[in-house]
$ cat start22.cif   # mmCIF, C-alpha atoms, pLDDT in the B column; chains and numbers go by the auth columns
data_model
#
loop_
_atom_site.group_PDB
_atom_site.id
_atom_site.type_symbol
_atom_site.label_atom_id
_atom_site.label_comp_id
_atom_site.label_asym_id
_atom_site.label_seq_id
_atom_site.Cartn_x
_atom_site.Cartn_y
_atom_site.Cartn_z
_atom_site.B_iso_or_equiv
_atom_site.auth_seq_id
_atom_site.auth_asym_id
ATOM 1 C CA MET A 1 -40.494 75.551 -53.932 76.00 1 A
ATOM 2 C CA LYS A 2 -38.447 72.750 -52.398 80.00 2 A
ATOM 3 C CA THR A 3 -36.200 73.539 -49.438 76.00 3 A
ATOM 4 C CA LEU A 4 -32.798 71.919 -49.092 76.00 4 A
ATOM 5 C CA THR A 5 -29.908 72.126 -46.714 75.00 5 A
ATOM 6 C CA VAL A 6 -26.427 70.688 -47.049 75.00 6 A
ATOM 7 C CA VAL A 7 -24.993 69.897 -43.654 69.00 7 A
ATOM 8 C CA GLU A 8 -21.313 70.778 -43.355 58.00 8 A
ATOM 9 C CA GLY A 9 -19.180 68.368 -45.241 58.00 9 A
ATOM 10 C CA ILE A 10 -16.899 67.454 -48.053 56.00 10 A
ATOM 11 C CA MET A 11 -16.548 70.430 -50.381 67.00 11 A
ATOM 12 C CA GLU A 12 -19.965 71.759 -49.375 77.00 12 A
ATOM 13 C CA GLU A 13 -19.976 74.852 -51.604 82.00 13 A
ATOM 14 C CA LYS A 14 -18.827 72.903 -54.655 86.00 14 A
ATOM 15 C CA LEU A 15 -21.551 70.296 -54.043 87.00 15 A
ATOM 16 C CA LYS A 16 -24.190 73.020 -53.699 88.00 16 A
ATOM 17 C CA THR A 17 -23.062 74.687 -56.944 90.00 17 A
ATOM 18 C CA TYR A 18 -23.237 71.430 -58.915 91.00 18 A
ATOM 19 C CA LEU A 19 -26.556 70.519 -57.300 91.00 19 A
ATOM 20 C CA LYS A 20 -28.067 73.945 -57.969 91.00 20 A
ATOM 21 C CA ASP A 21 -27.094 73.698 -61.651 92.00 21 A
ATOM 22 C CA ALA A 22 -28.562 70.208 -62.034 92.00 22 A
ATOM 23 C CA LEU A 23 -31.819 71.092 -60.219 93.00 23 A
ATOM 24 C CA ASN A 24 -32.223 74.182 -62.411 92.00 24 A
ATOM 25 C CA VAL A 25 -31.740 72.075 -65.544 92.00 25 A
ATOM 26 C CA LEU A 26 -34.404 69.661 -64.295 93.00 26 A
ATOM 27 C CA GLY A 27 -36.792 72.564 -63.635 92.00 27 A
ATOM 28 C CA ILE A 28 -37.022 71.918 -59.890 93.00 28 A
ATOM 29 C CA SER A 29 -37.694 75.150 -58.037 91.00 29 A
ATOM 30 C CA HIS A 30 -35.626 75.170 -54.861 90.00 30 A
ATOM 31 C CA ARG A 31 -33.868 77.235 -52.251 85.00 31 A
ATOM 32 C CA PHE A 32 -31.010 76.321 -49.982 84.00 32 A
ATOM 33 C CA VAL A 33 -31.358 76.969 -46.273 81.00 33 A
ATOM 34 C CA ALA A 34 -28.057 77.650 -44.521 76.00 34 A
ATOM 35 C CA ALA A 35 -27.261 74.796 -42.158 69.00 35 A
ATOM 36 C CA GLU A 36 -26.136 77.322 -39.564 68.00 36 A
ATOM 37 C CA SER A 37 -29.608 78.862 -39.433 71.00 37 A
ATOM 38 C CA LEU A 38 -31.509 75.625 -38.858 70.00 38 A
ATOM 39 C CA LYS A 39 -33.813 75.714 -35.892 68.00 39 A
ATOM 40 C CA GLU A 40 -34.793 72.712 -33.787 66.00 40 A
ATOM 41 C CA ASN A 41 -38.300 72.270 -35.235 68.00 41 A
ATOM 42 C CA MET A 42 -37.616 73.423 -38.795 75.00 42 A
ATOM 43 C CA TYR A 43 -38.952 71.033 -41.431 81.00 43 A
ATOM 44 C CA LEU A 44 -37.257 70.812 -44.846 84.00 44 A
ATOM 45 C CA ASP A 45 -38.042 68.912 -48.021 88.00 45 A
ATOM 46 C CA TYR A 46 -34.497 67.576 -48.409 89.00 46 A
ATOM 47 C CA ILE A 47 -31.606 67.285 -45.969 84.00 47 A
ATOM 48 C CA LEU A 48 -28.208 66.410 -47.429 85.00 48 A
ATOM 49 C CA LEU A 49 -25.695 64.939 -45.010 82.00 49 A
ATOM 50 C CA ASN A 50 -22.490 65.035 -46.952 76.00 50 A
ATOM 51 C CA SER A 51 -20.655 64.568 -43.655 68.00 51 A
ATOM 52 C CA SER A 52 -21.264 65.756 -40.127 58.00 52 A
ATOM 53 C CA LYS A 53 -18.257 67.595 -38.843 55.00 53 A
ATOM 54 C CA LYS A 54 -19.926 70.773 -37.690 56.00 54 A
ATOM 55 C CA PHE A 55 -23.024 70.089 -35.621 55.00 55 A
ATOM 56 C CA GLU A 56 -23.321 68.362 -32.317 58.00 56 A
ATOM 57 C CA ASN A 57 -26.576 66.990 -30.971 58.00 57 A
ATOM 58 C CA ILE A 58 -28.926 68.621 -33.461 62.00 58 A
ATOM 59 C CA THR A 59 -32.224 67.191 -34.635 70.00 59 A
ATOM 60 C CA LEU A 60 -33.047 67.584 -38.321 73.00 60 A
ATOM 61 C CA LYS A 61 -36.517 66.974 -39.747 79.00 61 A
ATOM 62 C CA GLY A 62 -37.283 66.573 -43.409 83.00 62 A
ATOM 63 C CA LYS A 63 -39.245 64.555 -45.890 89.00 63 A
ATOM 64 C CA TYR A 64 -36.098 62.981 -47.360 90.00 64 A
ATOM 65 C CA CYS A 65 -32.591 62.762 -45.961 88.00 65 A
ATOM 66 C CA PHE A 66 -29.680 61.945 -48.270 89.00 66 A
ATOM 67 C CA VAL A 67 -26.676 60.448 -46.454 87.00 67 A
ATOM 68 C CA ASN A 68 -23.266 60.188 -48.125 87.00 68 A
ATOM 69 C CA MET A 69 -22.035 56.779 -47.034 85.00 69 A
ATOM 70 C CA ASP A 70 -18.541 57.490 -48.369 82.00 70 A
ATOM 71 C CA SER A 71 -18.065 59.985 -45.494 78.00 71 A
ATOM 72 C CA ASN A 72 -17.166 59.488 -41.882 68.00 72 A
ATOM 73 C CA PHE A 73 -19.798 60.619 -39.407 64.00 73 A
ATOM 74 C CA SER A 74 -18.430 61.618 -36.034 59.00 74 A
ATOM 75 C CA ASP A 75 -21.110 63.752 -34.368 59.00 75 A
ATOM 76 C CA ASN A 76 -24.497 62.800 -33.017 59.00 76 A
ATOM 77 C CA LEU A 77 -27.204 63.843 -35.438 63.00 77 A
ATOM 78 C CA ASN A 78 -30.832 62.899 -35.057 67.00 78 A
ATOM 79 C CA VAL A 79 -32.477 62.796 -38.454 70.00 79 A
ATOM 80 C CA PHE A 80 -36.166 62.242 -39.056 74.00 80 A
ATOM 81 C CA GLY A 81 -37.257 61.499 -42.604 79.00 81 A
ATOM 82 C CA ASN A 82 -37.000 58.926 -45.355 87.00 82 A
ATOM 83 C CA THR A 83 -33.303 58.051 -45.523 89.00 83 A
ATOM 84 C CA ILE A 84 -31.656 57.665 -48.915 93.00 84 A
ATOM 85 C CA THR A 85 -28.029 56.574 -48.842 90.00 85 A
ATOM 86 C CA TYR A 86 -25.761 57.510 -51.719 92.00 86 A
ATOM 87 C CA GLY A 87 -22.157 56.935 -52.664 91.00 87 A
ATOM 88 C CA PHE A 88 -19.968 54.503 -54.531 90.00 88 A
ATOM 89 C CA GLY A 89 -20.720 51.414 -52.433 88.00 89 A
ATOM 90 C CA ILE A 90 -23.036 48.783 -53.906 88.00 90 A
ATOM 91 C CA LYS A 91 -25.199 48.642 -50.759 90.00 91 A
ATOM 92 C CA ASN A 92 -26.323 52.281 -51.041 93.00 92 A
ATOM 93 C CA THR A 93 -29.829 53.236 -52.124 94.00 93 A
ATOM 94 C CA VAL A 94 -28.312 55.304 -54.956 95.00 94 A
ATOM 95 C CA THR A 95 -24.986 54.629 -56.617 94.00 95 A
ATOM 96 C CA VAL A 96 -23.324 54.745 -60.025 92.00 96 A
ATOM 97 C CA SER A 97 -21.857 52.074 -62.255 88.00 97 A
ATOM 98 C CA SER A 98 -20.187 51.817 -65.633 83.00 98 A
ATOM 99 C CA VAL A 99 -18.267 55.062 -65.225 79.00 99 A
ATOM 100 C CA GLU A 100 -16.717 55.753 -68.614 73.00 100 A
ATOM 101 C CA ASP A 101 -13.123 56.718 -69.307 73.00 101 A
ATOM 102 C CA ASN A 102 -12.381 60.448 -69.170 72.00 102 A
ATOM 103 C CA ASN A 103 -15.543 60.963 -67.064 72.00 103 A
ATOM 104 C CA LEU A 104 -17.751 60.972 -70.177 74.00 104 A
ATOM 105 C CA GLY A 105 -20.752 59.254 -68.611 82.00 105 A
ATOM 106 C CA PHE A 106 -22.088 56.806 -66.055 90.00 106 A
ATOM 107 C CA VAL A 107 -25.132 54.756 -65.167 92.00 107 A
ATOM 108 C CA TYR A 108 -27.276 56.089 -62.298 94.00 108 A
ATOM 109 C CA CYS A 109 -28.532 53.169 -60.199 96.00 109 A
ATOM 110 C CA LEU A 110 -31.507 53.286 -57.851 96.00 110 A
ATOM 111 C CA GLN A 111 -30.930 50.023 -56.001 95.00 111 A
ATOM 112 C CA ARG A 112 -34.266 49.670 -54.164 93.00 112 A
ATOM 113 C CA TYR A 113 -37.804 50.974 -54.020 92.00 113 A
ATOM 114 C CA LEU A 114 -38.371 54.514 -52.740 90.00 114 A
ATOM 115 C CA ASN A 115 -41.711 55.143 -51.079 86.00 115 A
ATOM 116 C CA LEU A 116 -43.269 58.461 -52.067 84.00 116 A
ATOM 117 C CA ASP A 117 -46.337 58.021 -49.863 80.00 117 A
ATOM 118 C CA THR A 118 -48.441 55.147 -48.552 78.00 118 A
ATOM 119 C CA ILE A 119 -49.453 54.113 -52.088 85.00 119 A
ATOM 120 C CA ASN A 120 -46.859 55.302 -54.621 87.00 120 A
ATOM 121 C CA GLN A 121 -43.254 54.275 -54.962 91.00 121 A
ATOM 122 C CA ILE A 122 -40.363 54.514 -57.396 93.00 122 A
ATOM 123 C CA GLU A 123 -39.049 51.195 -58.661 94.00 123 A
ATOM 124 C CA PRO A 124 -35.353 50.316 -58.750 94.00 124 A
ATOM 125 C CA GLN A 125 -33.891 51.369 -62.080 95.00 125 A
ATOM 126 C CA GLU A 126 -30.801 52.293 -64.023 93.00 126 A
ATOM 127 C CA ILE A 127 -30.530 55.464 -66.081 93.00 127 A
ATOM 128 C CA PRO A 128 -27.608 55.915 -68.484 91.00 128 A
ATOM 129 C CA ILE A 129 -26.319 59.484 -68.219 90.00 129 A
ATOM 130 C CA ARG A 130 -24.117 60.530 -71.102 86.00 130 A
ATOM 131 C CA LEU A 131 -22.488 63.713 -69.917 85.00 131 A
ATOM 132 C CA GLN A 132 -19.060 64.685 -68.798 79.00 132 A
ATOM 133 C CA PHE A 133 -18.698 65.141 -65.058 85.00 133 A
ATOM 134 C CA SER A 134 -15.878 66.960 -63.330 84.00 134 A
ATOM 135 C CA ASP A 135 -15.097 64.881 -60.250 87.00 135 A
ATOM 136 C CA ASP A 136 -16.588 62.763 -57.461 87.00 136 A
ATOM 137 C CA ILE A 137 -18.390 65.755 -55.928 89.00 137 A
ATOM 138 C CA HIS A 138 -20.090 66.382 -59.271 90.00 138 A
ATOM 139 C CA LEU A 139 -21.177 62.718 -59.342 91.00 139 A
ATOM 140 C CA TYR A 140 -22.588 63.028 -55.801 92.00 140 A
ATOM 141 C CA ALA A 141 -24.572 66.112 -56.845 92.00 141 A
ATOM 142 C CA LEU A 142 -25.901 64.335 -59.943 93.00 142 A
ATOM 143 C CA MET A 143 -26.928 61.292 -57.876 94.00 143 A
ATOM 144 C CA ILE A 144 -28.887 63.570 -55.532 95.00 144 A
ATOM 145 C CA ALA A 145 -30.427 65.713 -58.308 95.00 145 A
ATOM 146 C CA ILE A 146 -31.544 62.699 -60.344 96.00 146 A
ATOM 147 C CA THR A 147 -33.112 61.127 -57.254 96.00 147 A
ATOM 148 C CA ILE A 148 -34.917 64.369 -56.393 95.00 148 A
ATOM 149 C CA GLY A 149 -36.113 64.518 -59.998 95.00 149 A
ATOM 150 C CA LEU A 150 -37.560 61.008 -59.724 95.00 150 A
ATOM 151 C CA ILE A 151 -39.203 61.894 -56.392 94.00 151 A
ATOM 152 C CA GLN A 152 -40.724 64.962 -58.080 93.00 152 A
ATOM 153 C CA CYS A 153 -42.204 62.606 -60.725 92.00 153 A
ATOM 154 C CA ILE A 154 -39.924 63.576 -63.601 94.00 154 A
ATOM 155 C CA ASP A 155 -39.529 60.531 -65.829 93.00 155 A
ATOM 156 C CA SER A 156 -36.061 59.075 -66.372 92.00 156 A
ATOM 157 C CA GLU A 157 -35.971 59.889 -70.105 93.00 157 A
ATOM 158 C CA THR A 158 -36.680 63.565 -69.415 94.00 158 A
ATOM 159 C CA ILE A 159 -34.021 63.654 -66.696 94.00 159 A
ATOM 160 C CA GLU A 160 -31.395 62.152 -68.993 91.00 160 A
ATOM 161 C CA ARG A 161 -32.388 64.329 -71.974 91.00 161 A
ATOM 162 C CA ASN A 162 -32.368 67.587 -69.974 91.00 162 A
ATOM 163 C CA LEU A 163 -29.029 66.889 -68.296 88.00 163 A
ATOM 164 C CA VAL A 164 -27.364 65.955 -71.580 84.00 164 A
ATOM 165 C CA LYS A 165 -28.885 68.950 -73.408 77.00 165 A
ATOM 166 C CA LYS A 166 -27.692 71.405 -70.737 67.00 166 A
ATOM 167 C CA PHE A 167 -24.185 70.105 -70.346 59.00 167 A
ATOM 168 C CA TYR A 168 -23.508 69.589 -74.040 56.00 168 A
ATOM 169 C CA ASN A 169 -24.987 72.852 -75.351 49.00 169 A
#

$ encode --input "start22.cif" --output "structure tokens"
Amino acid sequence: MKTLTVVEGIMEEKLKTYLKDALNVLGISHRFVAAESLKENMYLDYILLNSSKKFENITLKGKYCFVNMDSNFSDNLNVFGNTITYGFGIKNTVTVSSVEDNNLGFVYCLQRYLNLDTINQIEPQEIPIRLQFSDDIHLYALMIAITIGLIQCIDSETIERNLVKKFYN
């Protein structure tokens, strides 16, 4: 079971709801750890920094740390882990392109290699996702869930098929 925390931020509960739904569809067993209950030496699989308005001078340790680059970070956070930036900017590790009218789909873009360990890595790629999304927070959650799916060795065709099947059935 993968452990995740979403550090206080933009519409945190909405992001967690969308993310939970997408991870369930992808078959990724997970549990959220409340950010308030994090202890100094606690190690998580995934840390999601949607913004950092709540914690001062905390150290977070995890295998992967997703950082929303569309947010403003004001507090001092020490994060240890493989950093994956996400958002709408073209310099992020993960972004989207070709967003269709009426939010009917988008292209997920992994802009650079992600190292899984000392030998294995995920290559940059684009995955067309044909499903209707609600808003920007939903897109953020899908960017994170798809990336976690790739890290968990789910192939891109399965990710796309499962997301489309869930949201259109």

$ residues_around --input "start22.cif" --residues "Ile129 of chain A" --least-positions-apart "6" --cutoff "8 Å" --atoms "only C-alpha atoms" --output "ChimeraX atom specification"
/A:105-108,160,163-164

$ atom_distance --input "start22.cif" --atom1 "atom CA of Ala145 of chain A" --atom2 "atom CA of Asn162 of chain A"
12.0 Å

$ atom_distance --input "start22.cif" --atom1 "atom CA of Gly87 of chain A" --atom2 "atom CA of Ser134 of chain A"
15.9 Å

$ residues_around --input "start22.cif" --residues "Val67 of chain A" --least-positions-apart "4" --cutoff "9 Å" --atoms "only C-alpha atoms" --output "list in words"
Ile47, Leu48, Leu49, Asn50, Ser51, Ser71, Thr83, Ile84, Thr85, Tyr86 and Gly87 of chain A

$ residues_around --input "start22.cif" --residues "Leu142 of chain A" --least-positions-apart "5" --cutoff "10 Å" --atoms "all atoms listed in the file" --output "JSON, numbers by chain"
{"A": [15, 18, 19, 21, 22, 23, 96, 108, 129, 133, 136, 137, 147, 148, 163]}

$ closest_residue --input "start22.cif" --among "A:Val33, A:Cys153, A:Leu38, A:Met143" --to "Thr5 of chain A" --atoms "only C-alpha atoms"
A:Val33

$ residues_near_point --input "start22.cif" --point "(-22.7, 52.0, -66.2)" --cutoff "12 Å" --atoms "only C-alpha atoms" --output "list in words"
Thr95, Val96, Ser97, Ser98, Val99, Glu100, Asp101, Asn103, Leu104, Gly105, Phe106, Val107, Tyr108, Cys109, Gln125, Glu126, Ile127, Pro128, Ile129 and Arg130 of chain A

$ resolve_selection --input "start22.cif" --expression "the PyMOL selection byres ((chain A and resi 123) around 8)" --output "VMD selection string"
chain A and resid 110 112 to 114 121 to 122 124 to 125

$ atom_distance --input "start22.cif" --atom1 "atom CA of His30 of chain A" --atom2 "atom CA of Thr3 of chain A"
5.7 Å

$ closest_residue --input "start22.cif" --among "A:Glu157, A:Val6, A:Gly149, A:Phe80" --to "Asn24 of chain A" --atoms "all atoms listed in the file"
A:Gly149

$ closest_residue --input "start22.cif" --among "A:Leu131, A:Asp117, A:Ile28, A:Leu139" --to "Arg161 of chain A" --atoms "all atoms listed in the file"
A:Leu131

$ closest_residue --input "start22.cif" --among "A:Leu116, A:Val79, A:Val25, A:Ile144" --to "Ile159 of chain A" --atoms "all atoms listed in the file"
A:Val25

$ residues_around --input "start22.cif" --residues "Met42 of chain A" --least-positions-apart "6" --cutoff "10 Å" --atoms "all atoms listed in the file" --output "ChimeraX atom specification"
/A:59-62

$ resolve_selection --input "start22.cif" --expression "the PyMOL selection byres ((chain A and resi 82) around 6)" --output "PyMOL selection string"
chain A and resi 64-65+81+83

$ closest_residue --input "start22.cif" --among "A:Ala141, A:Asn120, A:Lys91, A:Phe32" --to "Phe66 of chain A" --atoms "all atoms listed in the file"
A:Ala141

$ closest_residue --input "start22.cif" --among "A:Gln132, A:Thr17, A:Ser29, A:Thr158" --to "Ile146 of chain A" --atoms "all atoms listed in the file"
A:Thr158
